[in-house]
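Okay, target-v3.txt is below, compact mmCIF, C-alpha atoms and all ligand atoms:
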```
# COMPACT_ATOMS: atom_id res chain seq x y z
CA MET A 28 114.51 76.83 108.68
CA SER A 29 111.57 75.14 106.99
CA LEU A 30 110.37 78.21 105.08
CA LYS A 31 111.88 77.37 101.69
CA ARG A 32 109.20 77.42 98.94
CA LYS A 33 106.52 78.11 101.59
CA VAL A 34 103.84 80.57 100.43
CA VAL A 35 103.76 83.44 102.91
CA LEU A 36 101.27 86.33 102.87
CA ILE A 37 102.52 89.42 104.74
CA THR A 38 100.41 92.51 105.41
CA GLY A 39 102.07 95.88 105.98
CA ALA A 40 104.98 94.52 103.91
CA GLY A 41 106.19 98.02 103.00
CA GLY A 42 106.56 99.23 106.60
CA GLY A 43 109.55 99.06 108.95
CA ILE A 44 109.04 95.54 110.33
CA GLY A 45 107.37 94.41 107.08
CA LEU A 46 110.50 95.12 105.01
CA ALA A 47 112.66 93.24 107.52
CA ILE A 48 110.29 90.23 107.21
CA VAL A 49 110.54 90.42 103.41
CA GLU A 50 114.35 90.49 103.69
CA ARG A 51 114.44 87.51 106.05
CA LEU A 52 111.98 85.43 103.97
CA SER A 53 113.82 86.32 100.77
CA ARG A 54 116.95 84.77 102.29
CA GLU A 55 114.91 81.71 103.33
CA GLY A 56 113.68 81.17 99.75
CA SER A 57 109.99 81.61 100.60
CA ILE A 58 107.39 82.56 98.02
CA ILE A 59 106.40 85.99 99.30
CA ILE A 60 103.02 87.61 98.78
CA ALA A 61 103.52 91.17 99.95
CA SER A 62 100.46 93.28 100.67
CA ASP A 63 100.12 96.95 101.54
CA LEU A 64 97.98 100.02 100.85
CA ASN A 65 99.36 100.74 97.39
CA LEU A 66 102.10 99.75 94.94
CA GLU A 67 104.33 102.72 95.78
CA VAL A 68 104.58 101.56 99.40
CA LEU A 69 105.64 98.12 98.14
CA GLN A 70 108.53 99.29 95.91
CA ASP A 71 111.24 98.69 98.56
CA ALA A 72 109.87 95.19 99.26
CA ILE A 73 109.99 94.39 95.55
CA ALA A 74 113.60 95.66 95.37
CA ILE A 75 114.67 93.57 98.39
CA ALA A 76 113.21 90.38 96.91
CA HIS A 77 114.83 91.18 93.56
CA LYS A 78 118.23 91.64 95.24
CA HIS A 79 117.94 88.12 96.71
CA ASN A 80 116.50 86.54 93.55
CA ALA A 81 113.39 85.70 95.59
CA THR A 82 109.84 85.37 94.29
CA LEU A 83 107.50 88.17 95.43
CA TYR A 84 103.97 88.94 94.31
CA PRO A 85 102.64 92.38 95.34
CA LEU A 86 98.95 92.53 96.29
CA VAL A 87 97.31 95.86 97.07
CA ALA A 88 94.62 95.88 99.80
CA ASP A 89 93.27 98.55 102.14
CA LEU A 90 92.69 96.78 105.44
CA SER A 91 90.22 99.44 106.58
CA VAL A 92 87.90 98.05 103.86
CA LYS A 93 86.02 94.91 104.92
CA SER A 94 85.85 93.31 101.46
CA ASP A 95 89.61 93.84 100.88
CA CYS A 96 90.31 91.91 104.10
CA ASP A 97 87.83 89.14 103.31
CA GLN A 98 89.25 88.61 99.81
CA LEU A 99 93.00 88.98 100.38
CA PRO A 100 93.77 85.41 101.61
CA GLN A 101 91.87 83.86 98.67
CA ARG A 102 93.67 86.19 96.21
CA ALA A 103 96.97 85.06 97.76
CA TYR A 104 95.95 81.38 97.67
CA ASP A 105 94.95 81.60 93.99
CA ILE A 106 98.49 82.59 92.92
CA ASN A 107 100.05 79.22 93.88
CA HIS A 108 97.03 77.17 95.05
CA SER A 109 98.55 77.18 98.51
CA LEU A 110 98.80 79.45 101.55
CA ASP A 111 101.21 78.15 104.20
CA VAL A 112 101.71 81.23 106.37
CA LEU A 113 99.82 84.45 107.10
CA ILE A 114 101.74 87.21 108.87
CA ASN A 115 99.35 89.87 110.18
CA ASN A 116 101.89 92.66 110.50
CA ALA A 117 100.02 95.78 109.28
CA GLY A 118 98.93 98.17 111.99
CA LEU A 119 98.65 101.81 112.89
CA MET A 120 99.08 103.83 116.04
CA ARG A 121 96.80 106.64 117.19
CA ARG A 122 98.14 108.32 120.32
CA GLY A 123 96.52 109.90 123.37
CA ASN A 124 94.44 109.13 126.43
CA ILE A 125 90.69 108.52 126.20
CA LEU A 126 89.82 112.25 126.23
CA GLU A 127 92.12 112.75 123.25
CA THR A 128 90.66 109.80 121.30
CA SER A 129 88.20 110.84 118.58
CA ASP A 130 85.49 108.64 117.08
CA GLU A 131 87.64 108.52 113.94
CA ASP A 132 90.73 107.36 115.91
CA TRP A 133 88.64 104.61 117.51
CA ALA A 134 86.98 103.44 114.27
CA LEU A 135 90.18 103.41 112.20
CA SER A 136 92.28 101.72 114.93
CA MET A 137 89.66 99.06 115.61
CA GLY A 138 89.17 98.61 111.85
CA VAL A 139 92.82 98.11 110.82
CA ASN A 140 94.32 96.65 114.02
CA VAL A 141 91.42 94.40 115.09
CA GLU A 142 88.61 93.85 112.57
CA ALA A 143 91.07 93.32 109.70
CA ILE A 144 92.83 90.59 111.68
CA PHE A 145 89.48 88.95 112.45
CA ARG A 146 88.54 88.97 108.75
CA LEU A 147 91.98 87.89 107.48
CA CYS A 148 92.15 85.08 110.04
CA ARG A 149 88.59 83.93 109.28
CA SER A 150 89.30 83.64 105.55
CA THR A 151 92.73 82.12 106.11
CA VAL A 152 91.58 79.53 108.67
CA GLY A 153 88.97 78.36 106.14
CA ILE A 154 91.67 77.88 103.50
CA MET A 155 94.20 76.29 105.87
CA LYS A 156 91.61 73.93 107.34
CA ASN A 157 90.97 72.56 103.83
CA GLN A 158 94.72 72.22 103.27
CA GLY A 159 95.14 70.52 106.66
CA HIS A 160 97.99 72.79 107.72
CA GLY A 161 99.10 76.39 108.15
CA THR A 162 100.61 78.96 110.47
CA ILE A 163 99.45 82.44 111.42
CA VAL A 164 101.70 84.97 113.14
CA ASN A 165 100.05 88.10 114.52
CA THR A 166 101.87 91.24 115.60
CA ALA A 167 100.50 92.27 118.96
CA SER A 168 102.66 94.36 121.31
CA CYS A 169 104.02 94.37 124.86
CA TRP A 170 101.63 97.32 125.18
CA GLY A 171 98.71 94.97 124.55
CA ILE A 172 99.72 92.90 127.58
CA TYR A 173 100.76 95.76 129.88
CA PRO A 174 99.32 99.16 128.91
CA GLY A 175 101.85 101.84 127.99
CA PRO A 176 100.93 105.41 128.99
CA ASP A 177 98.62 107.64 126.92
CA HIS A 178 97.99 105.23 124.04
CA PHE A 179 94.47 104.22 125.04
CA VAL A 180 93.09 102.95 121.74
CA TYR A 181 96.36 101.44 120.50
CA CYS A 182 96.84 99.39 123.69
CA THR A 183 93.20 98.30 123.52
CA THR A 184 93.58 97.06 119.94
CA LYS A 185 96.77 95.16 120.72
CA ALA A 186 95.13 93.52 123.74
CA ALA A 187 92.40 92.34 121.35
CA VAL A 188 95.05 90.91 119.00
CA ALA A 189 96.59 89.05 121.95
CA ALA A 190 93.18 87.65 122.95
CA MET A 191 92.34 86.61 119.37
CA THR A 192 95.71 84.85 119.12
CA ARG A 193 95.09 82.83 122.27
CA CYS A 194 91.55 81.86 121.16
CA LEU A 195 92.61 80.89 117.64
CA GLY A 196 95.68 79.03 118.87
CA ARG A 197 93.50 76.86 121.02
CA ASP A 198 90.54 76.41 118.64
CA HIS A 199 92.53 75.49 115.53
CA ALA A 200 95.44 73.40 116.81
CA PRO A 201 93.32 70.29 116.05
CA ASP A 202 93.01 71.52 112.43
CA GLY A 203 96.81 71.58 112.05
CA ILE A 204 96.82 75.39 112.20
CA ARG A 205 99.16 77.11 114.65
CA VAL A 206 98.47 80.71 115.66
CA ASN A 207 100.95 82.75 117.73
CA ALA A 208 101.85 86.39 118.27
CA VAL A 209 105.01 88.40 118.60
CA CYS A 210 104.81 91.18 121.19
CA PRO A 211 107.57 93.75 120.63
CA ASN A 212 108.30 96.71 122.87
CA GLU A 213 109.73 99.76 121.03
CA VAL A 214 111.07 99.13 117.50
CA ASN A 215 113.04 101.57 115.33
CA THR A 216 110.50 102.00 112.50
CA PRO A 217 108.54 104.86 110.87
CA MET A 218 105.70 104.21 113.37
CA LEU A 219 107.95 105.15 116.30
CA ARG A 220 109.97 107.83 114.50
CA THR A 221 106.92 109.78 113.25
CA GLY A 222 105.64 109.83 116.84
CA PHE A 223 108.78 111.72 117.87
CA GLU A 224 108.54 114.03 114.86
CA VAL A 225 104.93 115.10 115.59
CA ARG A 226 105.94 115.89 119.15
CA GLY A 227 108.79 118.11 117.84
CA PHE A 228 111.75 115.83 118.73
CA ASP A 229 114.62 114.79 116.48
CA PRO A 230 113.95 111.04 116.01
CA ASN A 231 117.66 110.05 116.09
CA GLU A 232 118.31 111.95 119.33
CA ALA A 233 115.07 110.65 120.87
CA ILE A 234 115.96 107.05 119.99
CA GLU A 235 119.46 107.46 121.47
CA GLU A 236 117.80 108.61 124.69
CA LEU A 237 115.27 105.75 124.55
CA ASN A 238 118.08 103.22 124.04
CA LYS A 239 119.31 104.04 127.57
CA SER A 240 116.03 102.73 129.02
CA VAL A 241 116.50 99.23 127.56
CA PRO A 242 118.55 96.72 129.61
CA ILE A 243 120.06 95.13 126.48
CA GLY A 244 121.24 98.61 125.41
CA HIS A 245 119.05 99.55 122.47
CA ILE A 246 115.46 99.48 121.24
CA ALA A 247 114.74 96.71 118.72
CA GLU A 248 115.82 96.98 115.12
CA PRO A 249 113.17 95.61 112.73
CA ALA A 250 115.34 92.56 111.89
CA GLU A 251 115.34 91.55 115.56
CA ILE A 252 111.55 91.25 115.40
CA ALA A 253 111.49 89.70 111.91
CA ASP A 254 113.77 86.87 113.10
CA VAL A 255 111.28 85.96 115.84
CA ILE A 256 108.39 86.14 113.37
CA ALA A 257 110.29 83.78 111.03
CA PHE A 258 110.77 81.38 113.96
CA LEU A 259 107.03 81.46 114.78
CA ALA A 260 106.18 80.97 111.09
CA SER A 261 108.48 77.96 110.74
CA ASP A 262 108.39 74.38 111.98
CA GLU A 263 111.04 75.33 114.55
CA SER A 264 108.10 76.48 116.71
CA ARG A 265 105.95 73.43 115.85
CA TYR A 266 104.73 72.86 119.42
CA MET A 267 103.69 76.49 120.02
CA CYS A 268 99.97 77.35 119.78
CA GLY A 269 98.41 80.56 121.11
CA ALA A 270 101.67 81.91 122.54
CA LEU A 271 102.35 85.61 123.09
CA LEU A 272 106.09 85.97 122.68
CA GLU A 273 107.48 89.13 124.32
CA VAL A 274 110.52 90.53 122.54
CA ASN A 275 111.63 93.46 124.64
CA GLY A 276 115.40 93.51 125.27
CA GLY A 277 114.61 93.09 128.96
CA LYS A 278 112.57 96.31 129.16
CA PRO A 279 109.27 96.18 131.03
CA VAL A 280 106.40 98.49 130.11
CA TYR A 281 106.07 101.35 132.61
N1 LIG B 301 107.32 100.10 115.96
C1 LIG B 301 107.04 99.70 117.17
O1 LIG B 301 107.58 100.23 118.16
C2 LIG B 301 106.06 98.56 117.38
C3 LIG B 301 106.00 97.97 118.64
C4 LIG B 301 105.09 96.92 118.86
C5 LIG B 301 104.29 96.49 117.83
N2 LIG B 301 104.38 97.08 116.61
C6 LIG B 301 103.49 96.60 115.54
O2 LIG B 301 104.27 96.12 114.47
C7 LIG B 301 103.50 96.18 113.26
C8 LIG B 301 104.35 96.84 112.18
O3 LIG B 301 104.60 98.17 112.58
P1 LIG B 301 105.84 99.06 112.10
O4 LIG B 301 106.51 99.55 113.33
O5 LIG B 301 106.62 98.35 111.06
O6 LIG B 301 105.04 100.30 111.51
P2 LIG B 301 105.06 101.00 110.07
O7 LIG B 301 104.21 102.20 110.23
O8 LIG B 301 106.47 101.16 109.59
O9 LIG B 301 104.35 99.91 109.13
C9 LIG B 301 102.97 99.64 109.19
C10 LIG B 301 102.51 99.18 107.82
O10 LIG B 301 101.10 98.92 107.88
C11 LIG B 301 100.52 99.45 106.70
N3 LIG B 301 99.11 99.84 106.87
C12 LIG B 301 98.61 100.80 107.70
N4 LIG B 301 97.29 100.95 107.48
C13 LIG B 301 96.95 100.07 106.50
C14 LIG B 301 95.74 99.77 105.82
N5 LIG B 301 94.59 100.43 106.08
N6 LIG B 301 95.75 98.80 104.87
C15 LIG B 301 96.90 98.14 104.57
N7 LIG B 301 98.08 98.40 105.17
C16 LIG B 301 98.11 99.36 106.11
C17 LIG B 301 101.35 100.70 106.38
O11 LIG B 301 101.20 101.12 105.03
C18 LIG B 301 102.75 100.23 106.73
O12 LIG B 301 103.40 99.64 105.62
C19 LIG B 301 102.22 96.95 113.62
O13 LIG B 301 101.16 96.05 113.81
C20 LIG B 301 102.59 97.64 114.92
O14 LIG B 301 101.47 97.94 115.71
C21 LIG B 301 105.26 98.09 116.34
```
What's the structure tokens form of this structure?
Amino acid sequence: MSLKRKVVLITGAGGGIGLAIVERLSREGSIIIASDLNLEVLQDAIAIAHKHNATLYPLVADLSVKSDCDQLPQRAYDINHSLDVLINNAGLMRRGNILETSDEDWALSMGVNVEAIFRLCRSTVGIMKNQGHGTIVNTASCWGIYPGPDHFVYCTTKAAVAAMTRCLGRDHAPDGIRVNAVCPNEVNTPMLRTGFEVRGFDPNEAIEELNKSVPIGHIAEPAEIADVIAFLASDESRYMCGALLEVNGGKPVY
């Protein structure tokens, strides 16, 4: 792939899918700028890059804070005077139907899953427009295209990510900036596993049961999503702008 020596900023780099992206980009020889809430969360990402002799710069930012979002792309750019790829992977999931959704659930979900992407994209598009090139990959969800049950605010935020991706893909193709989104269904990460835990299920048993509902035979492993993100980040997808790529093992949302 064309990701060797490319400067890639990843948010949520310490999470389930984030670590798989770090692993994949380490093997590609990218220059990785890994961002997350704090340095402790980034320790595994640092270790993965170290194992592959890859270059990784950790950058701490809280994406619920407007100024952190506004400044992060410039902080990343300043390290190498370049920013080739932004991967908007950070996100959180608040569960429940509308009656179970508090003001705090709404504000935090809209803040981290939607407003942060707006701010990160706005700063990044400014930088990439000056450079004359760049790629942005957003993580939406199948649940942002077809609503899954009882996740009112989460589905709403992911639908907004899908809409932003389509708008940006169209508006900035003439600037040499491609914007696309990956839309996974269920992925075996802490986000999914903690959901089972709070509902009193054993996550391993619950995932074994969930695997039976997927035509390909199992829910996604993080690497199966990271590989698609790497494709969207690379020149292999050079004619794709504003696409929402569903990665679901053949499982529809129901
Ligand atoms: N796991 C799934 O089933 C699934 C399915 C579809 C889409 N997604 C999306 O994939 C992305 C990655 O999710 P994951 O499954 O790896 O979850 P995860 O919980 O393992 O990782 C999420 C990461 O985002 C970071 N984050 C959360 N709030 C933040 C904040 N305020 N500031 C900075 N960072 C913050 C967390 O620290 C964590 O590292 C998310 O956008 C999620 O919505 C996940």
**OP:** With only C-alpha atoms and all ligand atoms counted, collect every polymer residue having an atom within 7 Å of ligand LIG 301 (chain B); state the result as a PyMOL selection string.
**Re:** chain A and resi 38-45+63-64+68+88-91+116-120+139-140+166-169+210-219
Generate the output file for the selected residues, C-alpha atoms, as a JSON list (two decimals), in the frame of the given file.
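Once written, selection39.json looks like this:
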```json
[["chain", "number", "residue", "atom", "x", "y", "z"],
["A", 38, "THR", "CA", 100.41, 92.51, 105.41],
["A", 39, "GLY", "CA", 102.07, 95.88, 105.98],
["A", 40, "ALA", "CA", 104.98, 94.52, 103.91],
["A", 41, "GLY", "CA", 106.19, 98.02, 103.00],
["A", 42, "GLY", "CA", 106.56, 99.23, 106.60],
["A", 43, "GLY", "CA", 109.55, 99.06, 108.95],
["A", 44, "ILE", "CA", 109.04, 95.54, 110.33],
["A", 45, "GLY", "CA", 107.37, 94.41, 107.08],
["A", 63, "ASP", "CA", 100.12, 96.95, 101.54],
["A", 64, "LEU", "CA", 97.98, 100.02, 100.85],
["A", 68, "VAL", "CA", 104.58, 101.56, 99.40],
["A", 88, "ALA", "CA", 94.62, 95.88, 99.80],
["A", 89, "ASP", "CA", 93.27, 98.55, 102.14],
["A", 90, "LEU", "CA", 92.69, 96.78, 105.44],
["A", 91, "SER", "CA", 90.22, 99.44, 106.58],
["A", 116, "ASN", "CA", 101.89, 92.66, 110.50],
["A", 117, "ALA", "CA", 100.02, 95.78, 109.28],
["A", 118, "GLY", "CA", 98.93, 98.17, 111.99],
["A", 119, "LEU", "CA", 98.65, 101.81, 112.89],
["A", 120, "MET", "CA", 99.08, 103.83, 116.04],
["A", 139, "VAL", "CA", 92.82, 98.11, 110.82],
["A", 140, "ASN", "CA", 94.32, 96.65, 114.02],
["A", 166, "THR", "CA", 101.87, 91.24, 115.60],
["A", 167, "ALA", "CA", 100.50, 92.27, 118.96],
["A", 168, "SER", "CA", 102.66, 94.36, 121.31],
["A", 169, "CYS", "CA", 104.02, 94.37, 124.86],
["A", 210, "CYS", "CA", 104.81, 91.18, 121.19],
["A", 211, "PRO", "CA", 107.57, 93.75, 120.63],
["A", 212, "ASN", "CA", 108.30, 96.71, 122.87],
["A", 213, "GLU", "CA", 109.73, 99.76, 121.03],
["A", 214, "VAL", "CA", 111.07, 99.13, 117.50],
["A", 215, "ASN", "CA", 113.04, 101.57, 115.33],
["A", 216, "THR", "CA", 110.50, 102.00, 112.50],
["A", 217, "PRO", "CA", 108.54, 104.86, 110.87],
["A", 218, "MET", "CA", 105.70, 104.21, 113.37],
["A", 219, "LEU", "CA", 107.95, 105.15, 116.30]]
```
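Reported to one decimal place, the separation of atom CA of A:Glu263 from atom CA of A:Ala103 is 24.0 Å.
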Subject >> Residue list as a list in words for point (89.2, 108.0, 125.9), cut-off 12 Å, only C-alpha atoms >> reply: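 Checked against the point, the hits come out as Arg121, Arg122, Gly123, Asn124, Ile125, Leu126, Glu127, Thr128, Ser129, Asp130, Asp132, Trp133, Asp177, His178, Phe179, Val180, Tyr181, Cys182 and Thr183 of chain A.
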Subject >> Cut-off 12 Å around (113.9, 109.1, 121.0) with all atoms listed in the file: residues as a ChimeraX atom specification >> reply: /A:213-216,219-224,226-240,245-246
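If you count only C-alpha atoms and ignore residues fewer than 2 places along the chain from stretch 187-196 of chain A, what sits within 8 Å of it is Asn140, Val141, Ile144, Phe145, Asn165, Thr166, Ala167, Gly171, Ile172, Thr183, Thr184, Lys185, Asp198, His199, Ala200, Ile204, Arg205, Val206, Asn207, Ala208, Cys268, Gly269, Ala270 and Leu271 of chain A.
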Original post:
How far is it from atom CA of A:Leu46 to atom CA of A:Ala72, in Å with one decimal?
Top reply: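 Computing it gives 5.8 Å between the two atoms.
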Subject >> Point-to-point distance in Å for atom CA of A:Gly56 and atom CA of A:Ser29 >> reply: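 For atom CA of A:Ser29 relative to atom CA of A:Gly56, the distance reads 9.7 Å.
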Original post:
Taking all atoms listed in the file into account, which of A:Arg197, A:Trp170, A:Met155, A:Arg265 comes nearest A:Tyr281?
Top reply: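 Of A:Arg197, A:Trp170, A:Met155, A:Arg265, the one nearest A:Tyr281 is A:Trp170, counting all atoms listed in the file.
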Subject >> Nearest residue to A:Pro174 from the set A:Ala253, A:Val280, A:Met267, A:Ala76 (distances using only C-alpha atoms) >> reply: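 Closest to A:Pro174, using only C-alpha atoms: A:Val280.
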Original post:
So which one's closest to A:Gly276, A:Tyr104, A:Ile243, A:Ser264, A:Ile256? Using only C-alpha atoms, please.
Top reply: A:Ile243
Original post:
A:Gln101, A:Val209, A:Tyr84, A:Glu50: which is nearest A:Leu272, counting only C-alpha atoms?
Top reply: A:Val209
**OP:** Return the single residue from A:Leu52, A:Ser62, A:Pro279, A:Ser261 that is closest to A:Gly175, with distances computed using all atoms listed in the file.
**Re:**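 That would be A:Pro279, the residue with the smallest distance to A:Gly175.
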**OP:** Please provide the set of residues having any atom within 8 Å of A:Thr151, restricted to only C-alpha atoms, with same-chain residues fewer than 2 positions apart removed, written as JSON, numbers by chain.
**Re:** {"A": [100, 101, 113, 147, 148, 149, 153, 154, 155]}
**OP:** Go through A:Val112, A:Ile163, A:Lys93, A:Ala74 and flag the residue nearest A:Leu135, using only C-alpha atoms for the distances.
**Re:**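 Closest candidate: A:Lys93.
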